[in-house]
Amino acid sequence: MSGKLEKAKGFKKSKPGTYLSIGTTLFGAVSVAKQAKKARLEGDKLQLVDAVVSAAAIATGVALLVRELRRMSVDDVLADD
């Protein structure tokens, strides 16, 4: 859900919820690492490509969540003024 849509519908992410999202996303990285290791051992190039694409998706997801946390911090500072 995009930030604009969330604001339009009245949704607001919480910091703990965002940290939880980061944690669960990173937990998925363990599964992707196992998949990549298995693919390398078996010489399965298609499985390896799938693992690389999944790892890129995880990295992008974490980057988006970190950006959201930074925006929350900026919003908190401005709210104190």
# chains A, B, ... in the order shown; residues from 1 in each chain; ligands from 1
$ residues_around --residues "region 46-60 of chain A" --least-positions-apart "6" --cutoff "9 Å" --atoms "only C-alpha atoms" --output "list in words"
Thr25, Leu26, Gly28, Ala29, Val32, Ala33, Lys34, Gln35, Ala36, Lys37, Lys38, Ala39 and Arg40 of chain A
$ write_last_selection --atoms "C-alpha atoms" --output "PDB file, in the first residue's frame"
ATOM      1  CA  THR A  25      11.490  -9.635   6.372  1.00  0.00           C
ATOM      2  CA  LEU A  26      15.019 -10.373   7.549  1.00  0.00           C
ATOM      3  CA  GLY A  28      12.854 -14.559   5.347  1.00  0.00           C
ATOM      4  CA  ALA A  29      16.466 -13.970   4.363  1.00  0.00           C
ATOM      5  CA  VAL A  32      16.577 -17.554   0.923  1.00  0.00           C
ATOM      6  CA  ALA A  33      20.139 -18.248   2.092  1.00  0.00           C
ATOM      7  CA  LYS A  34      19.266 -21.926   2.601  1.00  0.00           C
ATOM      8  CA  GLN A  35      17.660 -22.017  -0.844  1.00  0.00           C
ATOM      9  CA  ALA A  36      20.765 -20.494  -2.430  1.00  0.00           C
ATOM     10  CA  LYS A  37      23.083 -22.929  -0.651  1.00  0.00           C
ATOM     11  CA  LYS A  38      20.997 -25.911  -1.734  1.00  0.00           C
ATOM     12  CA  ALA A  39      20.869 -24.625  -5.314  1.00  0.00           C
ATOM     13  CA  ARG A  40      24.656 -24.225  -5.420  1.00  0.00           C
TER      14      ARG A  40
END
$ atom_distance --atom1 "CA of Val62 (chain A)" --atom2 "CA of Gly17 (chain A)"
13.2 Å
$ atom_distance --atom1 "CA of Ser73 (chain A)" --atom2 "CA of Pro16 (chain A)"
12.6 Å
$ atom_distance --atom1 "CA of Gly23 (chain A)" --atom2 "CA of Val74 (chain A)"
21.8 Å
$ closest_residue --among "A:Thr24, A:Val30, A:Thr18, A:Leu41" --to "Leu64 (chain A)" --atoms "only C-alpha atoms"
A:Thr18
